[in-house]
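Participant: Please see the structure below; I have some questions.
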Amino acid sequence: MGKRVRVVHRSLVPLVLAGIFVAAVSGCNPPAESSQVQENPLQPVQKPDGASPVATVKESPEQKPDGLPSTTAVKESPVQKADGASPGATVKEPPEQKPDVPPPAATVTESPVVVAKIGEFEITKDELLQRLLQEIRPHSEEYTAPQKPVTAEAVLLNLIAEKAMMMEGRKLGSLNDPILLSYIERQKKQKLGSMVVLDHVRKNLSVSEAEIDEMMKSDPNLPRERASMLVQQAKGRALLEQFYKDLLAKFHLKQVKENFAKASEIHERLLHKPAKTRKEPWILNSQARDELTKEEKGIVLATYDGGEVTLRDWIETLCEMAPPRRPQDLDTVEGVERLLDRTLRSAMLVAEAKSRGYDKDPEYVREIKDLEDQQILYSVQNEKIKNIPEPNEAQIKAFYEKNKEWFAEGPFLKVDPIWCKDLATAREVREKLGGGADFHAMKDTYSLQKNIEPYRIYRGGEGPFWDELWKGEPNQVVGPVKGFYETGLVWRIVKILEKTPAQVRPYAEQLQNTVKWAMLGEQRKVILDLYGKELREKCKYELYADGIKDIDPLDPAVYEQIRQ
């Protein structure tokens, strides 16, 4: 009988790559923590703790289950109707689909439904649904401001405004920002490298049952799935190490060792004699960008067919490493060479990706374009709101007095939920509970998440579903009621265990910063809403009203296609 071989399942490949991709580009075992510490590219304006000041609701850290991450985009109030849209709009029926003779049934794919167009952008129904779910889902925040009802129309108008900002940003040259260009270039390299690694692993990595058995012998308590993963990671590292050596030969890589001493000298200058005083005891990305002359950046440390690795590449590799993991021997030629090896691994993967034409792949091109557009949007928004003055203490206190309930403690409920696959199941569970069935037995039988313990929920965390839940009293069962679950909305039955009303907090110094960010967040939201409306009216866009007329943002069925 032949040896049994288990080919790595396609769904497991990303998990395997999580353990071996770092090895592919660094020549070492994966670190226990992220090795990337980079100065941020352009991002939405952030408050000190990292939360976006434009967000206006809070969610308890105890909130479960997790759903979609909160969006950083600014919401637009639903103030316009599609049939009475702003002057720049052209409201049309959805474009008629007139496909040619379809391919065989097995390969037919449904064309995305376009609900709006502006410039080169087409906004699809799927994109709208993704944003709708983000908009209705509460955003983590330290205060809870009133929420206006979310409509498909308002969110679509906001998406159109964002596309208009992207168009405006490209026209104004936002993409020429050196920080942004550097960030995008790093993302391109990482994406191309991961495409090559993924392809190589899928084609060449296999694990035999005997190898898994051998791994389990080393640790009798090791679950088979975990043993399989460990074997895959070990073989994957070896596979990619050989792949790297093959690429060095394929591209005829040559190190320019006579320049290593100069690289070491420049490193020591940046580290110990920065042009600008810095508080960090390590080299920053900004130094690589601003403190190297054009000639220094171009010092060649290695060449290969079709390209070269420069001192700038080498320094950027260093800056991508967490400071505690950075080499301590870069004052030596040997240390320079070892760090160069890490740089070369990334360069070889990118060279291989380009030789295979991956950089021309439509999906890759689209992803990079989307990345550029998103960063341009952040840049345009930040530029528009950068001059908002800091409020003084009197203004902050006045804002608090006007909106005390935003900063109250609570209210909160402690609940035990039964998450149901559909409304029919939720109704069946509720009926059985009404007939005397045991709650925990129903949870074990029907819940999508059976082992979850009771937890607290807050008004901000429940959004439009809070009022219905708050009507319940301790030991009462509420539902069916909708809730945020994973990537969509589902129905649930909720047992109320505790109920704690809100308590208004008196104004105090420790509350001042939170109130200030709430105040700034509201000001920024107003400015960006008006700016988005102005750009939208200036641009020619088309909104297909029939494509959104039946979308109810609070209907779980609307998001089924996302969940699938």
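Chain labels follow the order of the structure tokens: the first chain is A, the next B, and so on; residue numbering restarts at 1 in every chain, and ligands are counted from 1 in their shown order.
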Going by DSSP on the backbone, which bits of region 193-359 of chain A are helix (DSSP H, G or I)? Write them as JSON, numbers by chain, please.
Facilitator: {"A": [193, 194, 195, 196, 197, 198, 199, 200, 201, 202, 203, 204, 209, 210, 211, 212, 213, 214, 215, 216, 217, 218, 224, 225, 226, 227, 228, 229, 230, 231, 232, 233, 234, 235, 236, 237, 238, 239, 240, 241, 242, 243, 244, 245, 246, 247, 248, 249, 250, 257, 258, 259, 260, 261, 262, 263, 264, 265, 266, 267, 268, 269, 270, 271, 272, 285, 286, 287, 288, 289, 290, 294, 295, 296, 297, 311, 312, 313, 314, 315, 316, 317, 318, 319, 323, 324, 325, 333, 334, 335, 336, 337, 338, 339, 340, 341, 342, 343, 344, 345, 346, 347, 348, 349, 350, 351, 352, 353, 354, 355, 358, 359]}
Participant: Which is closest to Met321 (chain A) among A:Ile283, A:Asp341, A:Thr293, A:Leu301, if we use only C-alpha atoms?
Facilitator: A:Ile283
Participant: Find the residues around Leu339 (chain A) up to 9 Å (only C-alpha atoms counted), leave out those fewer than 6 positions away in its own chain, and share them as a PyMOL selection string.
Facilitator: chain A and resi 26+314+317-318+327+330
Participant: Name the residues of region 368-534 of chain A that fall into strand (DSSP E) according to DSSP on the backbone, using the chain letters and numbers of this document, as number ranges by chain.
Facilitator: A: 412-420, 455-458, 477-485, 488-500
Participant: Kindly export the residues of the current selection with C-alpha atoms, as a tab-separated table (two decimals), in the first residue's frame.
Facilitator:
chain	number	residue	atom	x	y	z
A	412	PHE	CA	-26.43	48.76	30.70
A	413	LEU	CA	-28.03	45.33	30.76
A	414	LYS	CA	-26.57	41.98	31.66
A	415	VAL	CA	-27.97	39.44	29.22
A	416	ASP	CA	-27.84	35.82	28.15
A	417	PRO	CA	-28.62	35.48	24.40
A	418	ILE	CA	-29.69	32.66	22.12
A	419	TRP	CA	-28.46	33.57	18.62
A	420	CYS	CA	-30.74	31.97	16.03
A	455	TYR	CA	-22.31	39.64	29.46
A	456	ARG	CA	-23.11	43.32	29.65
A	457	ILE	CA	-24.49	45.30	26.74
A	458	TYR	CA	-24.72	49.08	26.46
A	477	VAL	CA	-37.12	36.97	28.04
A	478	VAL	CA	-37.14	39.46	25.16
A	479	GLY	CA	-37.44	38.67	21.49
A	480	PRO	CA	-37.21	37.78	18.79
A	481	VAL	CA	-35.00	40.87	18.49
A	482	LYS	CA	-32.25	41.55	15.98
A	483	GLY	CA	-28.60	41.90	16.90
A	484	PHE	CA	-25.11	42.29	15.45
A	485	TYR	CA	-23.46	38.93	14.91
A	488	GLY	CA	-24.29	40.64	9.64
A	489	LEU	CA	-27.55	40.84	11.56
A	490	VAL	CA	-29.30	37.82	13.02
A	491	TRP	CA	-32.32	37.17	15.22
A	492	ARG	CA	-31.94	36.33	18.90
A	493	ILE	CA	-33.83	35.60	22.05
A	494	VAL	CA	-32.44	37.50	25.04
A	495	LYS	CA	-32.85	36.80	28.72
A	496	ILE	CA	-32.44	39.96	30.82
A	497	LEU	CA	-30.44	39.24	33.98
A	498	GLU	CA	-29.65	42.73	35.31
A	499	LYS	CA	-30.80	46.26	34.46
A	500	THR	CA	-28.84	49.36	35.49
Participant: Could you tell me which of A:Ala322, A:Ala275, A:Leu132, A:Leu180 comes closest to Asp290 (chain A) if we count only C-alpha atoms?
Facilitator: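 Nearest candidate to Asp290 (chain A) out of A:Ala322, A:Ala275, A:Leu132, A:Leu180: A:Ala275.
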Participant: With only C-alpha atoms as the counted atoms, please give the residues lying no more than 9 Å from Thr514 (chain A), apart from itself and same-chain residues fewer than 5 positions off, as a PyMOL selection string.
Facilitator: chain A and resi 142-143+407+519
Participant: Which one is closest to Asp305 (chain A): A:Ile179, A:Met165, A:Ala351, A:Ala441? Count only C-alpha atoms.
Facilitator: A:Ala351
Participant: Using only C-alpha atoms, which of A:Pro474, A:Gly193, A:Gly532, A:Gly461 sits nearest Asn158 (chain A)?
Facilitator: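 Under the stated criterion, the closest residue is A:Gly532.
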Participant: For Glu372 (chain A), please output as a PyMOL selection string all residues within 12 Å (counting only C-alpha atoms; exclusion window: fewer than 5 positions along the same chain).
Facilitator: chain A and resi 41-43+166-167+169-170+173-177+180-185+187-188+365-367+377-379
Participant: Selected residues, C-alpha atoms, written as an mmCIF file, in the first residue's frame, please.
Facilitator:
data_model
loop_
_atom_site.group_PDB
_atom_site.id
_atom_site.type_symbol
_atom_site.label_atom_id
_atom_site.label_comp_id
_atom_site.auth_asym_id
_atom_site.auth_seq_id
_atom_site.Cartn_x
_atom_site.Cartn_y
_atom_site.Cartn_z
ATOM 1 C CA PRO A 41 0.671 56.984 6.615
ATOM 2 C CA LEU A 42 -2.173 59.420 6.241
ATOM 3 C CA GLN A 43 -5.098 58.244 8.337
ATOM 4 C CA MET A 166 -10.972 60.815 -3.936
ATOM 5 C CA MET A 167 -11.298 62.367 -7.377
ATOM 6 C CA GLY A 169 -7.541 64.470 -4.061
ATOM 7 C CA ARG A 170 -6.010 62.921 -7.171
ATOM 8 C CA GLY A 173 -1.856 65.726 -6.173
ATOM 9 C CA SER A 174 -2.460 64.122 -2.772
ATOM 10 C CA LEU A 175 -0.841 60.953 -4.047
ATOM 11 C CA ASN A 176 2.485 62.760 -4.393
ATOM 12 C CA ASP A 177 2.926 63.007 -0.631
ATOM 13 C CA LEU A 180 1.928 58.224 1.422
ATOM 14 C CA LEU A 181 4.055 57.100 -1.535
ATOM 15 C CA SER A 182 6.438 55.235 0.774
ATOM 16 C CA TYR A 183 3.563 53.507 2.548
ATOM 17 C CA ILE A 184 1.878 52.434 -0.691
ATOM 18 C CA GLU A 185 5.162 51.147 -2.095
ATOM 19 C CA GLN A 187 2.143 47.640 0.646
ATOM 20 C CA LYS A 188 2.766 46.796 -3.012
ATOM 21 C CA VAL A 365 -4.203 46.360 -9.657
ATOM 22 C CA ARG A 366 -7.689 46.918 -8.254
ATOM 23 C CA GLU A 367 -6.548 46.375 -4.660
ATOM 24 C CA LEU A 377 -9.663 60.188 1.049
ATOM 25 C CA TYR A 378 -7.966 60.340 4.461
ATOM 26 C CA SER A 379 -5.580 62.993 3.150
#
